[in-house]
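See below for coords_9.pdb, which holds PDB, C-alpha atoms.
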ATOM      1  CA  MET A 163       5.418  37.308   5.822  1.00  0.00           C
ATOM      2  CA  THR A 164       6.689  40.829   6.291  1.00  0.00           C
ATOM      3  CA  ALA A 165       5.286  43.768   4.377  1.00  0.00           C
ATOM      4  CA  ALA A 166       8.623  44.219   2.611  1.00  0.00           C
ATOM      5  CA  LEU A 167       8.493  40.749   1.136  1.00  0.00           C
ATOM      6  CA  ALA A 168       4.783  40.742   0.436  1.00  0.00           C
ATOM      7  CA  ALA A 169       4.779  44.028  -1.460  1.00  0.00           C
ATOM      8  CA  PRO A 170       5.123  43.941  -5.257  1.00  0.00           C
ATOM      9  CA  GLY A 171       8.802  44.208  -6.085  1.00  0.00           C
ATOM     10  CA  GLY A 172       9.681  44.026  -2.396  1.00  0.00           C
ATOM     11  CA  ASP A 173      10.908  40.455  -2.432  1.00  0.00           C
ATOM     12  CA  TRP A 174      14.255  40.810  -4.165  1.00  0.00           C
ATOM     13  CA  PRO A 175      15.756  43.728  -2.191  1.00  0.00           C
ATOM     14  CA  ALA A 176      15.582  41.726   1.031  1.00  0.00           C
ATOM     15  CA  LEU A 177      17.278  38.752  -0.602  1.00  0.00           C
ATOM     16  CA  ARG A 178      19.883  40.970  -2.257  1.00  0.00           C
ATOM     17  CA  GLU A 179      20.772  42.544   1.062  1.00  0.00           C
ATOM     18  CA  ALA A 180      20.949  39.164   2.805  1.00  0.00           C
ATOM     19  CA  ALA A 181      23.300  37.846   0.116  1.00  0.00           C
ATOM     20  CA  SER A 182      25.551  40.909  -0.074  1.00  0.00           C
ATOM     21  CA  ALA A 183      25.807  41.707   3.651  1.00  0.00           C
ATOM     22  CA  PRO A 184      28.497  39.071   4.441  1.00  0.00           C
ATOM     23  CA  TYR A 185      30.910  40.836   2.091  1.00  0.00           C
ATOM     24  CA  ARG A 186      31.194  43.790   4.448  1.00  0.00           C
ATOM     25  CA  SER A 187      33.727  41.691   6.355  1.00  0.00           C
ATOM     26  CA  ALA A 188      35.742  41.225   3.146  1.00  0.00           C
ATOM     27  CA  GLY A 189      36.103  44.942   2.507  1.00  0.00           C
ATOM     28  CA  ARG A 190      34.200  47.792   0.914  1.00  0.00           C
ATOM     29  CA  MET A 191      35.105  46.821  -2.655  1.00  0.00           C
ATOM     30  CA  ALA A 192      33.923  43.236  -2.172  1.00  0.00           C
ATOM     31  CA  TRP A 193      30.660  44.416  -0.625  1.00  0.00           C
ATOM     32  CA  GLY A 194      30.077  47.059  -3.306  1.00  0.00           C
ATOM     33  CA  PHE A 195      30.701  44.554  -6.088  1.00  0.00           C
ATOM     34  CA  ALA A 196      28.373  41.983  -4.522  1.00  0.00           C
ATOM     35  CA  ARG A 197      25.563  44.472  -3.990  1.00  0.00           C
ATOM     36  CA  GLY A 198      25.900  45.917  -7.494  1.00  0.00           C
ATOM     37  CA  LYS A 199      26.147  42.543  -9.228  1.00  0.00           C
ATOM     38  CA  LEU A 200      23.193  41.093  -7.348  1.00  0.00           C
ATOM     39  CA  GLY A 201      21.132  44.179  -8.080  1.00  0.00           C
ATOM     40  CA  PHE A 202      22.044  44.503 -11.769  1.00  0.00           C
ATOM     41  CA  ASP A 203      22.353  40.956 -13.052  1.00  0.00           C
ATOM     42  CA  PRO A 204      19.017  39.127 -13.597  1.00  0.00           C
ATOM     43  CA  ILE A 205      20.470  35.618 -13.231  1.00  0.00           C
ATOM     44  CA  PHE A 206      20.471  35.542  -9.429  1.00  0.00           C
ATOM     45  CA  ARG A 207      16.829  36.420  -8.942  1.00  0.00           C
ATOM     46  CA  HIS A 208      15.857  34.032 -11.743  1.00  0.00           C
ATOM     47  CA  VAL A 209      17.657  31.064 -10.193  1.00  0.00           C
ATOM     48  CA  LEU A 210      15.785  31.465  -6.923  1.00  0.00           C
ATOM     49  CA  ARG A 211      12.392  32.379  -8.304  1.00  0.00           C
ATOM     50  CA  GLN A 212      12.331  29.423 -10.689  1.00  0.00           C
ATOM     51  CA  GLY A 213      13.805  26.928  -8.228  1.00  0.00           C
ATOM     52  CA  LEU A 214      16.691  25.996 -10.533  1.00  0.00           C
ATOM     53  CA  ILE A 215      18.703  24.757  -7.551  1.00  0.00           C
ATOM     54  CA  ALA A 216      16.745  22.208  -5.559  1.00  0.00           C
ATOM     55  CA  PRO A 217      16.825  21.840  -1.760  1.00  0.00           C
ATOM     56  CA  GLN A 218      19.661  19.675  -0.415  1.00  0.00           C
ATOM     57  CA  SER A 219      21.608  19.963  -3.674  1.00  0.00           C
ATOM     58  CA  ARG A 220      25.351  19.554  -3.915  1.00  0.00           C
ATOM     59  CA  VAL A 221      26.209  22.607  -6.008  1.00  0.00           C
ATOM     60  CA  LEU A 222      29.424  23.134  -7.955  1.00  0.00           C
ATOM     61  CA  ASP A 223      30.030  26.730  -9.045  1.00  0.00           C
ATOM     62  CA  ILE A 224      32.763  26.754 -11.699  1.00  0.00           C
ATOM     63  CA  GLY A 225      34.401  30.166 -12.041  1.00  0.00           C
ATOM     64  CA  CYS A 226      32.720  31.230  -8.802  1.00  0.00           C
ATOM     65  CA  GLY A 227      34.409  34.628  -8.477  1.00  0.00           C
ATOM     66  CA  GLN A 228      34.016  35.845  -4.909  1.00  0.00           C
ATOM     67  CA  GLY A 229      31.281  33.297  -4.199  1.00  0.00           C
ATOM     68  CA  LEU A 230      28.037  35.078  -5.013  1.00  0.00           C
ATOM     69  CA  ILE A 231      26.093  31.894  -5.758  1.00  0.00           C
ATOM     70  CA  ALA A 232      27.087  30.478  -2.376  1.00  0.00           C
ATOM     71  CA  SER A 233      26.187  33.700  -0.602  1.00  0.00           C
ATOM     72  CA  LEU A 234      22.880  33.860  -2.476  1.00  0.00           C
ATOM     73  CA  LEU A 235      21.901  30.371  -1.308  1.00  0.00           C
ATOM     74  CA  ILE A 236      23.044  31.039   2.251  1.00  0.00           C
ATOM     75  CA  GLY A 237      20.998  34.247   2.355  1.00  0.00           C
ATOM     76  CA  ALA A 238      17.982  32.494   0.862  1.00  0.00           C
ATOM     77  CA  ASN A 239      18.182  29.743   3.478  1.00  0.00           C
ATOM     78  CA  ALA A 240      18.368  32.296   6.280  1.00  0.00           C
ATOM     79  CA  LEU A 241      15.287  34.159   5.073  1.00  0.00           C
ATOM     80  CA  ALA A 242      13.335  30.950   4.483  1.00  0.00           C
ATOM     81  CA  ALA A 243      14.166  29.744   7.998  1.00  0.00           C
ATOM     82  CA  ARG A 244      12.591  32.944   9.340  1.00  0.00           C
ATOM     83  CA  GLY A 245       9.438  32.410   7.270  1.00  0.00           C
ATOM     84  CA  LEU A 246      10.302  35.245   4.906  1.00  0.00           C
ATOM     85  CA  TRP A 247      10.336  33.389   1.593  1.00  0.00           C
ATOM     86  CA  PRO A 248       8.467  35.248  -1.187  1.00  0.00           C
ATOM     87  CA  SER A 249       5.051  33.839  -2.019  1.00  0.00           C
ATOM     88  CA  GLY A 250       4.721  32.555  -5.568  1.00  0.00           C
ATOM     89  CA  TRP A 251       8.381  31.527  -5.807  1.00  0.00           C
ATOM     90  CA  ALA A 252       9.626  27.951  -6.082  1.00  0.00           C
ATOM     91  CA  ALA A 253      10.748  26.234  -2.890  1.00  0.00           C
ATOM     92  CA  ALA A 254      13.753  27.773  -1.165  1.00  0.00           C
ATOM     93  CA  PRO A 255      17.020  25.854  -1.744  1.00  0.00           C
ATOM     94  CA  ARG A 256      17.215  24.729   1.891  1.00  0.00           C
ATOM     95  CA  GLY A 257      20.282  22.703   2.714  1.00  0.00           C
ATOM     96  CA  ALA A 258      22.049  23.322  -0.601  1.00  0.00           C
ATOM     97  CA  ARG A 259      25.813  23.492  -0.195  1.00  0.00           C
ATOM     98  CA  VAL A 260      28.264  25.026  -2.652  1.00  0.00           C
ATOM     99  CA  THR A 261      31.768  24.117  -3.741  1.00  0.00           C
ATOM    100  CA  GLY A 262      33.309  26.945  -5.741  1.00  0.00           C
ATOM    101  CA  ILE A 263      36.299  26.767  -8.084  1.00  0.00           C
ATOM    102  CA  GLU A 264      38.016  30.037  -8.995  1.00  0.00           C
ATOM    103  CA  LEU A 265      41.334  30.897 -10.658  1.00  0.00           C
ATOM    104  CA  VAL A 266      41.978  34.312  -9.053  1.00  0.00           C
ATOM    105  CA  PRO A 267      43.375  34.057  -5.496  1.00  0.00           C
ATOM    106  CA  ARG A 268      41.998  37.447  -4.457  1.00  0.00           C
ATOM    107  CA  ASN A 269      38.456  36.298  -5.229  1.00  0.00           C
ATOM    108  CA  ILE A 270      38.933  33.157  -3.157  1.00  0.00           C
ATOM    109  CA  GLU A 271      40.239  35.266  -0.271  1.00  0.00           C
ATOM    110  CA  ARG A 272      37.156  37.479  -0.433  1.00  0.00           C
ATOM    111  CA  ALA A 273      34.817  34.494  -0.580  1.00  0.00           C
ATOM    112  CA  ARG A 274      36.407  32.875   2.447  1.00  0.00           C
ATOM    113  CA  ALA A 275      36.542  36.144   4.394  1.00  0.00           C
ATOM    114  CA  ALA A 276      32.848  36.781   3.755  1.00  0.00           C
ATOM    115  CA  LEU A 277      31.399  33.295   4.071  1.00  0.00           C
ATOM    116  CA  GLY A 278      33.869  31.389   6.219  1.00  0.00           C
ATOM    117  CA  LEU A 279      34.940  27.802   5.734  1.00  0.00           C
ATOM    118  CA  GLU A 280      31.878  25.983   7.079  1.00  0.00           C
ATOM    119  CA  ALA A 281      29.153  27.516   4.932  1.00  0.00           C
ATOM    120  CA  ALA A 282      30.825  26.678   1.599  1.00  0.00           C
ATOM    121  CA  THR A 283      34.042  25.266   0.158  1.00  0.00           C
ATOM    122  CA  PHE A 284      36.218  27.384  -2.127  1.00  0.00           C
ATOM    123  CA  ILE A 285      39.069  25.985  -4.203  1.00  0.00           C
ATOM    124  CA  CYS A 286      41.657  28.141  -5.931  1.00  0.00           C
ATOM    125  CA  GLY A 287      42.427  26.372  -9.187  1.00  0.00           C
ATOM    126  CA  ASP A 288      42.176  26.297 -12.958  1.00  0.00           C
ATOM    127  CA  LEU A 289      38.888  24.842 -14.168  1.00  0.00           C
ATOM    128  CA  ARG A 290      40.778  23.061 -16.955  1.00  0.00           C
ATOM    129  CA  SER A 291      42.651  20.867 -14.482  1.00  0.00           C
ATOM    130  CA  THR A 292      40.943  21.046 -11.081  1.00  0.00           C
ATOM    131  CA  PRO A 293      38.938  17.859 -10.405  1.00  0.00           C
ATOM    132  CA  PHE A 294      35.176  18.357 -10.316  1.00  0.00           C
ATOM    133  CA  PRO A 295      33.459  16.740  -7.324  1.00  0.00           C
ATOM    134  CA  ALA A 296      30.182  14.902  -7.811  1.00  0.00           C
ATOM    135  CA  ALA A 297      27.319  17.385  -7.854  1.00  0.00           C
ATOM    136  CA  ASP A 298      23.565  17.579  -8.313  1.00  0.00           C
ATOM    137  CA  ALA A 299      23.726  21.017  -9.920  1.00  0.00           C
ATOM    138  CA  ILE A 300      26.610  22.757 -11.674  1.00  0.00           C
ATOM    139  CA  VAL A 301      26.675  26.491 -12.364  1.00  0.00           C
ATOM    140  CA  ILE A 302      28.926  28.099 -15.003  1.00  0.00           C
ATOM    141  CA  LEU A 303      28.168  31.767 -15.591  1.00  0.00           C
ATOM    142  CA  ASP A 304      30.034  33.767 -18.256  1.00  0.00           C
ATOM    143  CA  VAL A 305      33.200  31.672 -18.004  1.00  0.00           C
ATOM    144  CA  LEU A 306      33.667  29.281 -20.915  1.00  0.00           C
ATOM    145  CA  HIS A 307      34.379  31.999 -23.466  1.00  0.00           C
ATOM    146  CA  TYR A 308      37.806  32.437 -21.870  1.00  0.00           C
ATOM    147  CA  LEU A 309      38.758  28.983 -23.147  1.00  0.00           C
ATOM    148  CA  ALA A 310      39.593  27.660 -26.592  1.00  0.00           C
ATOM    149  CA  LEU A 311      36.810  25.604 -28.154  1.00  0.00           C
ATOM    150  CA  PRO A 312      38.481  22.212 -27.500  1.00  0.00           C
ATOM    151  CA  GLU A 313      38.994  23.241 -23.868  1.00  0.00           C
ATOM    152  CA  GLN A 314      35.330  24.223 -23.620  1.00  0.00           C
ATOM    153  CA  ASP A 315      34.358  20.784 -24.898  1.00  0.00           C
ATOM    154  CA  GLU A 316      36.645  19.070 -22.398  1.00  0.00           C
ATOM    155  CA  VAL A 317      35.198  21.044 -19.478  1.00  0.00           C
ATOM    156  CA  LEU A 318      31.646  20.248 -20.578  1.00  0.00           C
ATOM    157  CA  ALA A 319      32.488  16.549 -20.831  1.00  0.00           C
ATOM    158  CA  ARG A 320      33.859  16.610 -17.280  1.00  0.00           C
ATOM    159  CA  VAL A 321      30.757  18.457 -16.117  1.00  0.00           C
ATOM    160  CA  ARG A 322      28.593  15.710 -17.577  1.00  0.00           C
ATOM    161  CA  ALA A 323      30.692  13.078 -15.807  1.00  0.00           C
ATOM    162  CA  ALA A 324      30.223  14.856 -12.455  1.00  0.00           C
ATOM    163  CA  LEU A 325      26.410  14.882 -12.711  1.00  0.00           C
ATOM    164  CA  PRO A 326      24.026  11.992 -12.057  1.00  0.00           C
ATOM    165  CA  ALA A 327      21.001  11.154 -14.187  1.00  0.00           C
ATOM    166  CA  GLY A 328      18.611  14.059 -13.700  1.00  0.00           C
ATOM    167  CA  GLY A 329      21.440  16.376 -12.638  1.00  0.00           C
ATOM    168  CA  ARG A 330      21.336  19.929 -13.888  1.00  0.00           C
ATOM    169  CA  LEU A 331      23.779  22.317 -15.528  1.00  0.00           C
ATOM    170  CA  LEU A 332      23.056  26.051 -15.474  1.00  0.00           C
ATOM    171  CA  LEU A 333      25.250  27.543 -18.185  1.00  0.00           C
ATOM    172  CA  ARG A 334      25.130  31.193 -19.210  1.00  0.00           C
ATOM    173  CA  VAL A 335      26.775  32.023 -22.512  1.00  0.00           C
ATOM    174  CA  GLY A 336      26.718  34.678 -25.189  1.00  0.00           C
ATOM    175  CA  ASP A 337      24.865  33.943 -28.409  1.00  0.00           C
ATOM    176  CA  ALA A 338      27.283  34.693 -31.246  1.00  0.00           C
ATOM    177  CA  ALA A 339      24.347  34.855 -33.654  1.00  0.00           C
ATOM    178  CA  ALA A 340      23.096  38.005 -31.922  1.00  0.00           C
ATOM    179  CA  ALA A 341      25.688  40.181 -33.618  1.00  0.00           C
ATOM    180  CA  ALA A 342      25.320  43.559 -31.916  1.00  0.00           C
ATOM    181  CA  GLY A 343      24.809  42.308 -28.392  1.00  0.00           C
ATOM    182  CA  PHE A 344      27.556  39.725 -28.721  1.00  0.00           C
ATOM    183  CA  ARG A 345      30.073  42.278 -30.020  1.00  0.00           C
ATOM    184  CA  LEU A 346      29.196  44.624 -27.167  1.00  0.00           C
ATOM    185  CA  SER A 347      29.738  41.886 -24.618  1.00  0.00           C
ATOM    186  CA  GLN A 348      33.093  41.106 -26.268  1.00  0.00           C
ATOM    187  CA  TRP A 349      34.140  44.724 -25.956  1.00  0.00           C
ATOM    188  CA  ALA A 350      33.030  44.998 -22.324  1.00  0.00           C
ATOM    189  CA  ASP A 351      34.760  41.756 -21.410  1.00  0.00           C
ATOM    190  CA  ALA A 352      37.999  42.826 -23.072  1.00  0.00           C
ATOM    191  CA  ALA A 353      37.917  46.236 -21.365  1.00  0.00           C
ATOM    192  CA  VAL A 354      37.432  44.758 -17.893  1.00  0.00           C
ATOM    193  CA  SER A 355      40.131  42.156 -18.455  1.00  0.00           C
ATOM    194  CA  LEU A 356      42.572  44.800 -19.685  1.00  0.00           C
ATOM    195  CA  LEU A 357      42.004  46.822 -16.521  1.00  0.00           C
ATOM    196  CA  ARG A 358      42.780  43.710 -14.491  1.00  0.00           C
ATOM    197  CA  GLY A 359      45.932  42.990 -16.472  1.00  0.00           C
ATOM    198  CA  HIS A 360      44.572  39.913 -18.238  1.00  0.00           C
ATOM    199  CA  ARG A 361      43.955  39.019 -21.849  1.00  0.00           C
ATOM    200  CA  ALA A 362      40.362  38.162 -22.620  1.00  0.00           C
ATOM    201  CA  PRO A 363      39.983  35.917 -25.661  1.00  0.00           C
ATOM    202  CA  ARG A 364      36.341  35.597 -26.581  1.00  0.00           C
ATOM    203  CA  ARG A 365      35.575  32.273 -28.235  1.00  0.00           C
ATOM    204  CA  GLY A 366      31.865  32.131 -28.758  1.00  0.00           C
ATOM    205  CA  ARG A 367      29.323  29.893 -30.405  1.00  0.00           C
ATOM    206  CA  THR A 368      25.841  30.428 -31.654  1.00  0.00           C
ATOM    207  CA  LEU A 369      23.001  29.366 -29.392  1.00  0.00           C
ATOM    208  CA  ARG A 370      22.262  26.512 -31.775  1.00  0.00           C
ATOM    209  CA  ALA A 371      25.862  25.275 -31.522  1.00  0.00           C
ATOM    210  CA  TRP A 372      25.835  25.423 -27.721  1.00  0.00           C
ATOM    211  CA  ILE A 373      22.647  23.398 -27.560  1.00  0.00           C
ATOM    212  CA  ALA A 374      23.945  20.841 -30.060  1.00  0.00           C
ATOM    213  CA  ARG A 375      27.128  20.377 -28.006  1.00  0.00           C
ATOM    214  CA  LEU A 376      25.150  19.765 -24.818  1.00  0.00           C
ATOM    215  CA  GLU A 377      22.671  17.429 -26.472  1.00  0.00           C
ATOM    216  CA  ALA A 378      25.554  15.360 -27.832  1.00  0.00           C
ATOM    217  CA  LEU A 379      26.739  14.899 -24.237  1.00  0.00           C
ATOM    218  CA  GLY A 380      23.374  13.526 -23.141  1.00  0.00           C
ATOM    219  CA  PHE A 381      21.606  16.645 -21.883  1.00  0.00           C
ATOM    220  CA  GLU A 382      18.062  17.798 -22.532  1.00  0.00           C
ATOM    221  CA  VAL A 383      18.326  21.547 -23.017  1.00  0.00           C
ATOM    222  CA  ARG A 384      16.089  24.563 -22.871  1.00  0.00           C
ATOM    223  CA  SER A 385      17.203  28.159 -23.248  1.00  0.00           C
ATOM    224  CA  GLU A 386      16.015  31.393 -21.706  1.00  0.00           C
ATOM    225  CA  PRO A 387      17.154  34.955 -22.465  1.00  0.00           C
ATOM    226  CA  MET A 388      19.227  36.191 -19.554  1.00  0.00           C
ATOM    227  CA  SER A 389      20.344  39.720 -20.293  1.00  0.00           C
ATOM    228  CA  GLN A 390      17.259  41.650 -19.176  1.00  0.00           C
ATOM    229  CA  GLY A 391      18.157  45.214 -18.310  1.00  0.00           C
ATOM    230  CA  THR A 392      21.532  44.914 -20.065  1.00  0.00           C
ATOM    231  CA  PRO A 393      22.610  45.467 -23.694  1.00  0.00           C
ATOM    232  CA  PHE A 394      24.250  42.045 -23.971  1.00  0.00           C
ATOM    233  CA  ALA A 395      23.231  38.828 -25.764  1.00  0.00           C
ATOM    234  CA  ASN A 396      23.355  36.464 -22.808  1.00  0.00           C
ATOM    235  CA  VAL A 397      21.378  33.226 -22.740  1.00  0.00           C
ATOM    236  CA  LEU A 398      20.844  30.803 -19.871  1.00  0.00           C
ATOM    237  CA  LEU A 399      20.976  27.154 -20.902  1.00  0.00           C
ATOM    238  CA  ILE A 400      19.220  24.852 -18.461  1.00  0.00           C
ATOM    239  CA  ALA A 401      20.558  21.397 -19.262  1.00  0.00           C
ATOM    240  CA  GLN A 402      19.245  18.277 -17.556  1.00  0.00           C
ATOM    241  CA  VAL A 403      21.034  14.937 -17.803  1.00  0.00           C
ATOM    242  CA  ARG A 404      18.708  12.533 -19.595  1.00  0.00           C
ATOM    243  CA  VAL A 405      17.214   9.790 -17.445  1.00  0.00           C
ATOM    244  CA  ALA A 406      17.335   6.389 -19.122  1.00  0.00           C
ATOM    245  CA  GLY A 407      13.972   4.852 -19.998  1.00  0.00           C
TER     246      GLY A 407
END
Is it possible to express this structure as structure tokens?
Amino acid sequence: MTAALAAPGGDWPALREAASAPYRSAGRMAWGFARGKLGFDPIFRHVLRQGLIAPQSRVLDIGCGQGLIASLLIGANALAARGLWPSGWAAAPRGARVTGIELVPRNIERARAALGLEAATFICGDLRSTPFPAADAIVILDVLHYLALPEQDEVLARVRAALPAGGRLLLRVGDAAAAAGFRLSQWADAAVSLLRGHRAPRRGRTLRAWIARLEALGFEVRSEPMSQGTPFANVLLIAQVRVAG
């Protein structure tokens, strides 16, 4: 193991650089966004450190943006193959392959330009109507609040149908019960969407309501705060499909 990865706090920078480097070929803005998002947002490090995506998984990333989850797993595999996986972390997600669904064509173009067509599959489509392929793990980060509540329920039902017994959903949402942080996230989301020329309806639920919805679909759910270093009220729901018996 190299000194950079063995040193305290030295593990993540190497992974961040491995995951953001492919976006240089997609342009400076794509690379800058990837590097900033991977450095600022705690979800990416957490997924790898805790082993939330198992080796050989079929991964579906719904609302994938420019493909950061795919790039993260590709970078992790490359480092692990060189013997550079951080000690004390869960097993590297070797062999995991991502299918990403994203509404915005520009994001799909950036994902394909950075990662090619062999490393991952990217589909430009609306998550409300695009078929979900069978998957072992499904990732939905900060997406469902753009939908009306009945549409959220429909997407979650289709997610459940795409997962086998023991399959896992990683769902990050805002907790509407955390008033200040939730309002701030609403404001930030609306501001960014306005700059992009889109409306940004924010249809939230309390953490308790999110968990109840997932449990009713047959998931076992645990929650973890996922807004460290930010002023928001984000929560990661780790939902496992119940195994009969």
Original post:
CA of Ala258 in chain A and CA of Phe284 in chain A are how many Å apart?
Top reply: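 Interatomic distance, CA of Ala258 in chain A to CA of Phe284 in chain A: 14.8 Å.
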I need the residue set behind the PyMOL selection byres ((chain A and resi 217) around 10) for this file; please write it as a PDB file with C-alpha atoms, keeping the file's coordinate frame.
ATOM      1  CA  GLY A 213      13.805  26.928  -8.228  1.00  0.00           C
ATOM      2  CA  LEU A 214      16.691  25.996 -10.533  1.00  0.00           C
ATOM      3  CA  ILE A 215      18.703  24.757  -7.551  1.00  0.00           C
ATOM      4  CA  ALA A 216      16.745  22.208  -5.559  1.00  0.00           C
ATOM      5  CA  GLN A 218      19.661  19.675  -0.415  1.00  0.00           C
ATOM      6  CA  SER A 219      21.608  19.963  -3.674  1.00  0.00           C
ATOM      7  CA  ARG A 220      25.351  19.554  -3.915  1.00  0.00           C
ATOM      8  CA  LEU A 235      21.901  30.371  -1.308  1.00  0.00           C
ATOM      9  CA  ASN A 239      18.182  29.743   3.478  1.00  0.00           C
ATOM     10  CA  ALA A 253      10.748  26.234  -2.890  1.00  0.00           C
ATOM     11  CA  ALA A 254      13.753  27.773  -1.165  1.00  0.00           C
ATOM     12  CA  PRO A 255      17.020  25.854  -1.744  1.00  0.00           C
ATOM     13  CA  ARG A 256      17.215  24.729   1.891  1.00  0.00           C
ATOM     14  CA  GLY A 257      20.282  22.703   2.714  1.00  0.00           C
ATOM     15  CA  ALA A 258      22.049  23.322  -0.601  1.00  0.00           C
ATOM     16  CA  ARG A 259      25.813  23.492  -0.195  1.00  0.00           C
TER      17      ARG A 259
END
Original post:
When distances are computed from only C-alpha atoms, which of A:Val397, A:Leu369, A:Val405, A:Leu234 shows the smallest separation from Ala339 in chain A?
Top reply: A:Leu369
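Going from CA of Arg186 in chain A to CA of Cys226 in chain A covers 18.3 Å.
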Report the closest atom pair, with its distance in Å rounded to one decimal, for each residue of range 215-307 of chain A that has an atom no farther than 12 Å from range 199-203 of chain A; count only C-alpha atoms, sort by chain and then rising residue number, and write it as CSV.
residue,atom,partner,partner_atom,distance
A:Gly227,CA,A:Lys199,CA,11.5
A:Gln228,CA,A:Lys199,CA,11.2
A:Gly229,CA,A:Leu200,CA,11.7
A:Leu230,CA,A:Leu200,CA,8.1
A:Ile231,CA,A:Leu200,CA,9.8
A:Ser233,CA,A:Leu200,CA,10.4
A:Leu234,CA,A:Leu200,CA,8.7
A:Leu303,CA,A:Asp203,CA,11.2
A:Asp304,CA,A:Asp203,CA,11.7
Could those residues be written to a file, using C-alpha atoms, as a PDB file, in the frame of the given file?
ATOM      1  CA  GLY A 227      34.409  34.628  -8.477  1.00  0.00           C
ATOM      2  CA  GLN A 228      34.016  35.845  -4.909  1.00  0.00           C
ATOM      3  CA  GLY A 229      31.281  33.297  -4.199  1.00  0.00           C
ATOM      4  CA  LEU A 230      28.037  35.078  -5.013  1.00  0.00           C
ATOM      5  CA  ILE A 231      26.093  31.894  -5.758  1.00  0.00           C
ATOM      6  CA  SER A 233      26.187  33.700  -0.602  1.00  0.00           C
ATOM      7  CA  LEU A 234      22.880  33.860  -2.476  1.00  0.00           C
ATOM      8  CA  LEU A 303      28.168  31.767 -15.591  1.00  0.00           C
ATOM      9  CA  ASP A 304      30.034  33.767 -18.256  1.00  0.00           C
TER      10      ASP A 304
END
**OP:** Have a look at CA of Leu333 in chain A and CA of Ala238 in chain A and let me know their distance in Å, one decimal.
**Re:**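 CA of Ala238 in chain A lies at a distance of 21.0 Å from CA of Leu333 in chain A.
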Return as a PDB file with C-alpha atoms, keeping the file's coordinate frame the set of residues that the PyMOL selection byres ((chain A and resi 315) around 12) yields on the displayed structure.
ATOM      1  CA  ARG A 290      40.778  23.061 -16.955  1.00  0.00           C
ATOM      2  CA  LEU A 306      33.667  29.281 -20.915  1.00  0.00           C
ATOM      3  CA  HIS A 307      34.379  31.999 -23.466  1.00  0.00           C
ATOM      4  CA  LEU A 309      38.758  28.983 -23.147  1.00  0.00           C
ATOM      5  CA  ALA A 310      39.593  27.660 -26.592  1.00  0.00           C
ATOM      6  CA  LEU A 311      36.810  25.604 -28.154  1.00  0.00           C
ATOM      7  CA  PRO A 312      38.481  22.212 -27.500  1.00  0.00           C
ATOM      8  CA  GLU A 313      38.994  23.241 -23.868  1.00  0.00           C
ATOM      9  CA  GLN A 314      35.330  24.223 -23.620  1.00  0.00           C
ATOM     10  CA  GLU A 316      36.645  19.070 -22.398  1.00  0.00           C
ATOM     11  CA  VAL A 317      35.198  21.044 -19.478  1.00  0.00           C
ATOM     12  CA  LEU A 318      31.646  20.248 -20.578  1.00  0.00           C
ATOM     13  CA  ALA A 319      32.488  16.549 -20.831  1.00  0.00           C
ATOM     14  CA  ARG A 320      33.859  16.610 -17.280  1.00  0.00           C
ATOM     15  CA  VAL A 321      30.757  18.457 -16.117  1.00  0.00           C
ATOM     16  CA  ARG A 322      28.593  15.710 -17.577  1.00  0.00           C
ATOM     17  CA  ARG A 367      29.323  29.893 -30.405  1.00  0.00           C
ATOM     18  CA  ALA A 371      25.862  25.275 -31.522  1.00  0.00           C
ATOM     19  CA  TRP A 372      25.835  25.423 -27.721  1.00  0.00           C
ATOM     20  CA  ALA A 374      23.945  20.841 -30.060  1.00  0.00           C
ATOM     21  CA  ARG A 375      27.128  20.377 -28.006  1.00  0.00           C
ATOM     22  CA  LEU A 376      25.150  19.765 -24.818  1.00  0.00           C
ATOM     23  CA  ALA A 378      25.554  15.360 -27.832  1.00  0.00           C
ATOM     24  CA  LEU A 379      26.739  14.899 -24.237  1.00  0.00           C
TER      25      LEU A 379
END
**OP:** Take the PyMOL selection byres ((chain A and resi 328) around 10), apply it to the structure above, and return the hits as a PyMOL selection string.
**Re:** chain A and resi 298-299+325-327+329-331+381-382+401-406
